[in-house]
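Q: See input-v6.cif below, with mmCIF, C-alpha atoms.
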```
data_data
loop_
_atom_site.label_atom_id
_atom_site.label_comp_id
_atom_site.auth_asym_id
_atom_site.auth_seq_id
_atom_site.Cartn_x
_atom_site.Cartn_y
_atom_site.Cartn_z
CA MET A 187 60.95 17.35 92.28
CA ASN A 188 58.34 18.97 94.34
CA PRO A 189 54.98 17.77 92.94
CA ASN A 190 53.52 21.21 93.59
CA HIS A 191 56.24 22.81 91.54
CA ALA A 192 55.63 20.42 88.63
CA LYS A 193 51.93 21.23 88.72
CA LYS A 194 52.73 24.92 88.64
CA ILE A 195 54.89 24.52 85.54
CA ASN A 196 52.22 22.49 83.84
CA ASN A 197 49.69 25.19 84.60
CA GLN A 198 52.00 27.82 83.21
CA ARG A 199 52.51 25.82 80.05
CA LEU A 200 48.81 25.34 79.71
CA LYS A 201 48.26 29.05 80.15
CA GLN A 202 50.89 29.83 77.53
CA LEU A 203 49.37 27.34 75.16
CA PHE A 204 45.92 28.74 75.78
CA LEU A 205 47.15 32.25 75.24
CA SER A 206 48.83 31.47 71.94
CA VAL A 207 45.75 29.60 70.70
CA SER A 208 43.57 32.59 71.58
CA LEU A 209 45.94 34.94 69.79
CA LEU A 210 45.85 32.75 66.72
CA THR A 211 42.07 32.71 66.83
CA LEU A 212 41.96 36.48 67.13
CA ALA A 213 44.30 36.86 64.20
CA GLY A 214 42.15 34.49 62.19
CA GLN A 215 39.03 36.47 63.02
CA ALA A 216 40.66 39.73 62.03
CA ALA A 217 41.64 38.32 58.67
CA ALA A 218 38.22 36.86 58.02
CA GLN A 219 36.32 39.90 59.21
CA SER A 220 37.42 42.83 57.14
CA GLN A 221 36.83 46.26 58.52
CA VAL A 222 35.49 47.27 55.14
CA ASN A 223 33.69 45.11 52.59
CA ILE A 224 34.32 45.79 48.94
CA SER A 225 31.98 44.98 46.10
CA GLU A 226 32.07 45.39 42.34
CA PRO A 227 35.60 46.71 41.91
CA TRP A 228 36.58 47.64 38.37
CA VAL A 229 39.19 49.61 36.48
CA ARG A 230 38.65 51.38 33.17
CA ALA A 231 40.79 49.86 30.43
CA THR A 232 43.22 52.15 28.59
CA VAL A 233 44.71 52.47 25.12
CA ALA A 234 48.44 51.97 24.59
CA GLY A 235 50.38 54.99 25.83
CA GLN A 236 47.58 56.36 28.00
CA GLN A 237 49.18 57.31 31.30
CA ALA A 238 46.33 57.14 33.80
CA THR A 239 42.98 55.59 34.55
CA GLY A 240 40.46 55.25 37.36
CA ALA A 241 39.48 52.44 39.73
CA PHE A 242 35.94 52.20 41.05
CA MET A 243 34.06 50.07 43.61
CA THR A 244 31.61 50.16 46.49
CA LEU A 245 32.93 50.19 50.09
CA THR A 246 30.89 49.33 53.16
CA ALA A 247 32.54 49.65 56.58
CA THR A 248 31.57 47.45 59.54
CA SER A 249 32.55 50.29 61.87
CA ASP A 250 33.21 53.98 61.22
CA SER A 251 36.36 54.11 59.12
CA LYS A 252 38.02 56.03 56.36
CA LEU A 253 39.89 55.13 53.23
CA ILE A 254 43.28 56.80 53.57
CA SER A 255 45.40 55.45 50.72
CA ALA A 256 45.78 52.91 47.96
CA THR A 257 48.64 51.30 46.09
CA SER A 258 48.89 49.10 43.02
CA PRO A 259 51.72 47.40 41.15
CA ALA A 260 49.98 48.63 37.97
CA ALA A 261 50.81 52.30 38.60
CA LYS A 262 53.67 54.33 40.05
CA ILE A 263 51.33 56.86 41.66
CA VAL A 264 47.97 56.05 43.21
CA GLN A 265 45.83 58.86 44.56
CA ILE A 266 42.29 59.35 45.79
CA HIS A 267 40.43 61.99 43.78
CA GLU A 268 37.02 63.54 43.87
CA SER A 269 35.17 64.77 40.83
CA SER A 270 32.11 66.95 40.99
CA MET A 271 29.92 68.70 38.47
CA LYS A 272 28.72 72.28 38.78
CA ASN A 273 27.32 74.41 35.96
CA ASP A 274 28.43 71.70 33.52
CA VAL A 275 32.04 72.07 34.64
CA MET A 276 33.67 68.92 35.99
CA SER A 277 36.01 69.74 38.84
CA MET A 278 38.70 67.33 39.91
CA GLN A 279 40.79 67.35 43.05
CA GLN A 280 42.95 65.09 45.17
CA VAL A 281 41.55 64.28 48.63
CA GLU A 282 43.22 63.07 51.85
CA SER A 283 40.65 60.43 52.71
CA VAL A 284 37.12 59.21 52.15
CA GLU A 285 34.79 58.79 55.15
CA LEU A 286 33.21 55.36 55.43
CA PRO A 287 30.41 55.53 58.02
CA THR A 288 29.22 52.24 59.58
CA GLY A 289 27.03 50.23 57.25
CA LYS A 290 26.81 52.91 54.56
CA ALA A 291 27.62 51.80 51.01
CA VAL A 292 30.04 54.44 49.74
CA SER A 293 30.60 54.24 46.02
CA LEU A 294 33.85 55.15 44.34
CA SER A 295 32.61 56.13 40.89
CA PRO A 296 33.63 58.31 37.95
CA HIS A 297 31.25 60.96 39.28
CA GLY A 298 32.50 61.24 42.85
CA TYR A 299 35.36 59.80 44.85
CA HIS A 300 37.57 57.38 42.94
CA VAL A 301 41.05 55.92 42.93
CA MET A 302 43.40 57.31 40.27
CA LEU A 303 46.12 55.07 38.86
CA ILE A 304 48.76 57.44 37.46
CA ASP A 305 51.95 56.66 35.50
CA LEU A 306 50.68 53.27 34.49
CA VAL A 307 53.35 50.58 34.21
CA ALA A 308 51.60 49.06 31.19
CA GLN A 309 48.43 49.32 29.14
CA VAL A 310 45.40 48.08 31.08
CA LYS A 311 43.52 45.75 28.76
CA GLU A 312 39.89 44.75 29.06
CA GLY A 313 39.66 41.65 31.27
CA ASP A 314 42.99 42.28 33.05
CA LYS A 315 42.82 41.78 36.81
CA VAL A 316 44.37 44.84 38.46
CA PRO A 317 45.56 44.24 42.05
CA LEU A 318 44.93 47.09 44.49
CA THR A 319 45.78 47.43 48.15
CA LEU A 320 43.54 49.81 50.03
CA THR A 321 44.45 51.11 53.47
CA VAL A 322 41.57 51.93 55.77
CA GLU A 323 41.69 53.34 59.28
CA ASP A 324 39.02 52.87 61.94
CA ALA A 325 37.90 55.38 64.57
CA LYS A 326 40.64 54.16 66.98
CA GLY A 327 43.30 54.85 64.37
CA GLU A 328 43.92 51.18 63.63
CA LYS A 329 44.95 50.60 60.05
CA GLN A 330 44.08 47.63 57.91
CA SER A 331 45.15 46.71 54.41
CA ILE A 332 42.61 45.20 52.08
CA GLN A 333 43.55 43.40 48.88
CA VAL A 334 41.29 43.84 45.88
CA GLU A 335 41.44 42.47 42.36
CA ALA A 336 39.66 44.82 40.03
CA PRO A 337 38.80 43.51 36.56
CA ALA A 338 39.32 45.99 33.72
CA ARG A 339 36.20 46.96 31.78
CA ALA A 340 36.26 48.31 28.23
CA LEU A 341 37.20 51.98 27.88
CA GLY A 342 33.72 52.76 26.59
CA ALA A 343 31.93 50.53 29.10
CA PRO A 344 28.64 51.94 30.31
CA GLU A 345 28.53 52.92 33.94
CA HIS A 346 26.07 51.63 36.44
CA SER A 347 25.67 54.91 38.23
CA LYS A 348 23.63 57.76 36.83
CA MET A 349 25.26 61.13 36.53
CA HIS A 350 22.68 63.08 38.48
CA MET B 233 18.59 47.66 18.61
CA LYS B 234 15.02 48.90 18.54
CA SER B 235 14.29 52.50 17.76
CA VAL B 236 13.61 54.09 21.12
CA PHE B 237 11.56 56.92 19.73
CA SER B 238 9.89 57.64 16.45
CA ARG B 239 11.65 60.46 14.71
CA ARG B 240 8.55 61.36 12.76
CA ALA B 241 6.42 61.53 15.88
CA VAL B 242 8.97 63.74 17.58
CA LEU B 243 9.31 66.06 14.62
CA GLY B 244 5.53 66.07 14.11
CA SER B 245 4.90 67.23 17.62
CA LEU B 246 7.68 69.79 17.31
CA SER B 247 6.05 71.29 14.20
CA VAL B 248 2.67 71.47 15.88
CA LEU B 249 4.23 73.11 18.90
CA GLY B 250 6.13 75.42 16.63
CA LEU B 251 2.97 76.51 14.81
CA GLY B 252 1.17 77.13 18.05
CA LEU B 253 3.89 78.94 19.90
CA LEU B 254 5.77 80.76 17.23
CA THR B 255 2.95 82.34 15.26
CA GLY B 256 4.02 85.84 14.60
CA CYS B 257 7.62 85.03 15.44
CA ASP B 258 10.34 83.72 13.21
CA SER B 259 8.59 80.60 11.97
CA ASN B 260 11.83 79.08 10.71
CA LYS B 261 13.25 78.90 14.18
CA PRO B 262 13.49 75.31 15.32
CA SER B 263 12.69 74.48 18.91
CA PHE B 264 15.11 72.32 20.77
CA LYS B 265 13.69 70.34 23.63
CA TYR B 266 16.76 69.78 25.79
CA ALA B 267 19.73 71.58 24.32
CA LYS B 268 20.63 75.20 24.75
CA ASP B 269 20.10 77.02 21.45
CA LEU B 270 23.31 78.80 20.47
CA SER B 271 22.16 79.77 16.97
CA ASN B 272 22.34 83.46 17.77
CA THR B 273 25.37 83.32 20.00
CA ILE B 274 28.63 84.69 18.70
CA MET B 275 31.11 82.03 19.74
CA GLY B 276 32.82 78.94 18.41
CA ARG B 277 32.99 80.49 14.94
CA SER B 278 36.41 79.17 14.15
CA PHE B 279 39.13 76.78 15.15
CA LYS B 280 42.30 75.63 13.48
CA LEU B 281 43.78 72.47 14.93
CA LYS B 282 45.47 69.28 13.78
CA ASP B 283 44.19 65.74 13.45
CA PRO B 284 46.42 62.85 14.60
CA GLN B 285 47.76 62.48 11.04
CA GLY B 286 49.04 66.04 11.24
CA GLU B 287 46.48 67.54 8.82
CA THR B 288 45.14 70.97 9.67
CA ARG B 289 41.44 70.88 10.47
CA MET B 290 38.99 73.74 10.39
CA LEU B 291 35.21 73.97 10.39
CA THR B 292 35.11 74.13 6.59
CA ASN B 293 36.47 70.58 6.51
CA TYR B 294 33.20 69.34 7.97
CA ARG B 295 30.61 70.82 5.60
CA GLY B 296 27.71 68.48 4.94
CA VAL B 297 27.84 66.74 8.29
CA VAL B 298 26.59 67.74 11.71
CA VAL B 299 29.53 68.13 14.07
CA MET B 300 29.46 67.45 17.81
CA ILE B 301 32.55 68.71 19.68
CA PHE B 302 33.64 67.73 23.17
CA PHE B 303 36.68 69.04 25.05
CA GLY B 304 38.61 66.79 27.41
CA PHE B 305 41.77 64.81 28.13
CA THR B 306 42.53 61.10 27.91
CA GLN B 307 43.58 60.77 31.56
CA CYS B 308 40.11 61.92 32.59
CA PRO B 309 38.48 59.16 34.61
CA ALA B 310 35.04 60.65 34.67
CA VAL B 311 33.18 62.87 32.30
CA CYS B 312 35.27 62.34 29.15
CA PRO B 313 34.72 58.59 28.74
CA THR B 314 31.11 59.17 29.82
CA ALA B 315 30.57 61.82 27.15
CA LEU B 316 32.23 59.73 24.44
CA ALA B 317 30.24 56.63 25.46
CA ARG B 318 27.11 58.78 25.27
CA ALA B 319 28.14 59.94 21.80
CA VAL B 320 28.39 56.29 20.70
CA LYS B 321 24.84 55.73 21.96
CA ILE B 322 23.56 58.94 20.34
CA LYS B 323 24.89 57.82 16.95
CA LYS B 324 23.15 54.46 17.31
CA LEU B 325 19.86 56.07 18.39
CA MET B 326 19.95 58.35 15.34
CA GLY B 327 19.93 55.32 13.06
CA ARG B 328 21.05 56.08 9.51
CA ASP B 329 21.19 59.80 10.30
CA GLY B 330 23.94 58.94 12.76
CA ASP B 331 26.20 58.45 9.74
CA ARG B 332 25.94 62.21 9.17
CA LEU B 333 27.18 63.01 12.68
CA GLN B 334 30.90 63.67 13.14
CA VAL B 335 32.07 63.43 16.74
CA ILE B 336 35.20 65.46 17.53
CA PHE B 337 37.26 65.27 20.72
CA ILE B 338 39.55 68.25 21.31
CA THR B 339 42.26 67.69 23.91
CA LEU B 340 42.76 70.27 26.65
CA ASP B 341 45.98 68.49 27.64
CA PRO B 342 48.17 68.56 24.52
CA GLU B 343 51.31 68.20 26.67
CA ARG B 344 50.39 64.65 27.64
CA ASP B 345 47.91 63.62 24.95
CA THR B 346 50.15 62.66 22.05
CA PRO B 347 48.48 62.34 18.62
CA LYS B 348 48.91 58.56 18.75
CA VAL B 349 47.27 58.18 22.17
CA LEU B 350 44.48 60.59 21.20
CA ASP B 351 43.71 58.69 18.02
CA ALA B 352 43.66 55.29 19.76
CA TYR B 353 41.55 56.74 22.57
CA VAL B 354 38.70 58.15 20.48
CA LYS B 355 38.72 55.19 18.10
CA ALA B 356 38.34 52.80 21.03
CA PHE B 357 34.88 54.33 21.37
CA ASP B 358 33.99 54.54 17.67
CA PRO B 359 36.29 54.28 14.65
CA SER B 360 34.54 57.31 13.08
CA PHE B 361 35.36 59.65 15.97
CA GLN B 362 38.11 62.18 15.39
CA ALA B 363 40.56 63.71 17.84
CA LEU B 364 42.06 67.18 17.35
CA TYR B 365 44.92 68.89 19.11
CA GLY B 366 46.84 72.13 19.00
CA THR B 367 49.74 73.82 20.69
CA LEU B 368 49.15 75.14 24.20
CA GLU B 369 48.35 78.55 22.71
CA GLN B 370 45.98 77.15 20.08
CA THR B 371 44.27 75.04 22.73
CA ALA B 372 43.76 78.09 24.93
CA ALA B 373 42.47 80.14 22.00
CA THR B 374 40.03 77.41 20.92
CA ALA B 375 38.71 76.94 24.45
CA LYS B 376 38.23 80.70 24.75
CA GLU B 377 36.38 80.82 21.45
CA PHE B 378 33.89 78.26 22.84
CA GLY B 379 33.73 79.67 26.34
CA VAL B 380 35.20 76.41 27.58
CA PHE B 381 36.75 76.63 31.03
CA TYR B 382 39.72 74.45 31.93
CA GLU B 383 42.27 74.54 34.69
CA LYS B 384 45.26 72.45 35.71
CA ILE B 385 44.86 71.10 39.23
CA PRO B 386 48.15 70.01 40.85
CA SER B 387 47.98 66.65 42.60
CA GLY B 388 51.22 65.44 44.15
CA ASP B 389 53.93 65.36 41.49
CA THR B 390 51.40 65.38 38.70
CA TYR B 391 48.24 67.24 37.68
CA THR B 392 44.69 66.67 36.63
CA LEU B 393 42.23 68.96 34.86
CA SER B 394 38.92 70.53 35.75
CA HIS B 395 37.00 71.45 32.61
CA THR B 396 33.68 72.25 30.96
CA ALA B 397 31.79 69.06 30.14
CA THR B 398 29.46 70.53 27.52
CA SER B 399 29.22 69.21 23.94
CA TYR B 400 28.81 71.73 21.10
CA VAL B 401 26.90 71.07 17.87
CA TYR B 402 27.32 72.63 14.43
CA ASP B 403 24.83 72.13 11.62
CA SER B 404 25.86 70.87 8.18
CA LEU B 405 26.54 74.44 7.02
CA GLY B 406 29.10 74.94 9.78
CA ARG B 407 26.95 77.13 12.01
CA LEU B 408 27.08 76.61 15.76
CA ARG B 409 23.59 75.56 16.89
CA LEU B 410 23.51 73.76 20.24
CA SER B 411 25.22 73.11 23.50
CA LEU B 412 24.40 69.79 25.12
CA SER B 413 24.86 69.54 28.88
CA ALA B 414 26.66 66.53 30.33
CA SER B 415 23.49 65.81 32.31
CA LEU B 416 21.41 65.06 29.19
CA THR B 417 20.75 61.46 28.21
CA ALA B 418 21.76 60.03 24.83
CA GLN B 419 18.14 59.98 23.77
CA GLU B 420 17.59 63.64 24.66
CA CYS B 421 20.70 64.62 22.69
CA ALA B 422 19.68 62.45 19.72
CA GLU B 423 16.26 64.11 19.50
CA ASP B 424 17.70 67.61 19.31
CA LEU B 425 20.46 66.52 16.92
CA LEU B 426 17.82 65.14 14.55
CA THR B 427 16.06 68.50 14.73
CA VAL B 428 19.31 70.22 13.73
CA MET B 429 19.55 67.85 10.75
CA GLU B 430 15.95 68.35 9.65
CA VAL B 431 15.67 72.10 9.79
CA ARG B 432 17.25 73.93 6.90
CA SER B 433 16.81 77.59 7.43
#
```
Taking this structure as input, can you express it in the form of structure tokens?

A:
Amino acid sequence: MNPNHAKKINNQRLKQLFLSVSLLTLAGQAAAQSQVNISEPWVRATVAGQQATGAFMTLTATSDSKLISATSPAAKIVQIHESSMKNDVMSMQQVESVELPTGKAVSLSPHGYHVMLIDLVAQVKEGDKVPLTLTVEDAKGEKQSIQVEAPARALGAPEHSKMH
Amino acid sequence: MKSVFSRRAVLGSLSVLGLGLLTGCDSNKPSFKYAKDLSNTIMGRSFKLKDPQGETRMLTNYRGVVVMIFFGFTQCPAVCPTALARAVKIKKLMGRDGDRLQVIFITLDPERDTPKVLDAYVKAFDPSFQALYGTLEQTAATAKEFGVFYEKIPSGDTYTLSHTATSYVYDSLGRLRLSLSASLTAQECAEDLLTVMEVRS
């Protein structure tokens, strides 16, 4: 065998090895560095037979992103809603997405944007851990799924946010 | 829990204010600090609905207690649990007088809020709270009587509701007296509710 040829193959192998290691590292970094950080997730507990409830949390994006959808094994339908108060009338509507500007803590609360869990599979009891998968999209259109476990707080639990 | 405000001090200052401001006017007229005074408003004079046990309920069933009514639906993620949680706090702040406050939750979504769910829902906040429901027509008529706005908002294959978030208060003689905005704190509501209880005109 031509020694030059052998060297060439070795180099190629090394390159391949290097490449796959780098890819692995990149993948690892992506998993560790979430596009959006989530804090204080919670779901409001329900009574037996109640068909829907809300999920709340604070989202902070590391780069301009938006929350575009959510799913949960706890509910057949999961939607993003926005509630607002005007003249003491609470208005509710479904929204397409929630903007998450870089570094800004965006709160999903009963008095603004929130995740609605509709057609609940079972009663959500206080202390239950409700799994949620949020899909966020960055400015380049790249999507990322984020897993969250939201503990259920009592139905009458006080909220941390003020209403006005 | 400590008493956050002294009822006597509050009522004392109200009387002094009343004497100063209302000389020459109707001196029996109580002054409410935060609530909207509905004493002279012709609305909310009647309702006829059912409790979860199927008994017909009208205003006359609540003579002797002060009634606070809130309209909502159990799937509401926002203002309904907030208003009911506030009602729990109001009752506590009122101390022993809180025992003379009857909180009523009227569903605006009788299609989905079954009597059983309604009952469990309000009692999860306080076992003394009562839920009432009617047919779609009765619900519409009751809301109209109170000037309560509500509207079904389609969302995908389902719907949610937009609705008035105000609480309405009757005195122990069954007369509509106050509307309490959703923006008021429990303490602000409790102060005006105690005034409703004190003044017998």

Q: So, with only C-alpha atoms as the atoms that count, which of A:Thr246, A:Ser283, A:Ser331, A:Asn273 lies closest to Val222 of chain A?

A: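 Selected residue with least distance to Val222 of chain A: A:Thr246.
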
Q: Kindly give the distance, in Å, that separates atom CA of Leu316 of chain B and atom CA of Ala343 of chain A, rounded to a single decimal.

A: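 So the two atoms, atom CA of Leu316 of chain B and atom CA of Ala343 of chain A, lie 10.3 Å apart.
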
Q: Please produce, as JSON lines, a per-residue contact table for chain B versus chain A (criterion: any atom at most 6 Å away, only C-alpha atoms considered), showing the nearest atom pair and its distance in Å to one decimal, sorted by chain then residue number.

A:
```
{"residue": "B:Gln307", "atom": "CA", "partner": "A:Ala238", "partner_atom": "CA", "distance": 5.1}
{"residue": "B:Pro309", "atom": "CA", "partner": "A:Gly240", "partner_atom": "CA", "distance": 5.2}
{"residue": "B:Ala310", "atom": "CA", "partner": "A:Pro296", "partner_atom": "CA", "distance": 4.3}
{"residue": "B:Ala317", "atom": "CA", "partner": "A:Gly342", "partner_atom": "CA", "distance": 5.3}
{"residue": "B:Val349", "atom": "CA", "partner": "A:Gly235", "partner_atom": "CA", "distance": 5.8}
{"residue": "B:Tyr353", "atom": "CA", "partner": "A:Val233", "partner_atom": "CA", "distance": 5.9}
{"residue": "B:Phe357", "atom": "CA", "partner": "A:Gly342", "partner_atom": "CA", "distance": 5.6}
{"residue": "B:Ser387", "atom": "CA", "partner": "A:Gln280", "partner_atom": "CA", "distance": 5.9}
{"residue": "B:Ser394", "atom": "CA", "partner": "A:Ser277", "partner_atom": "CA", "distance": 4.3}
{"residue": "B:His395", "atom": "CA", "partner": "A:Met276", "partner_atom": "CA", "distance": 5.4}
{"residue": "B:Thr396", "atom": "CA", "partner": "A:Val275", "partner_atom": "CA", "distance": 4.0}
{"residue": "B:Ala397", "atom": "CA", "partner": "A:Val275", "partner_atom": "CA", "distance": 5.4}
```

Q: From the options A:Ala325, A:Val316, A:Ile332, A:Leu245, which residue's atoms come nearest to Tyr299 of chain A, counting all atoms listed in the file?

A: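 Result for the nearest residue to Tyr299 of chain A: A:Leu245.
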
Q: If you apply the PyMOL selection byres ((chain B and resi 319) around 9) to this file, what residues do you get, as a VMD selection string?

A: chain B and resid 300 314 to 318 320 to 324 335 357 to 358 418 421
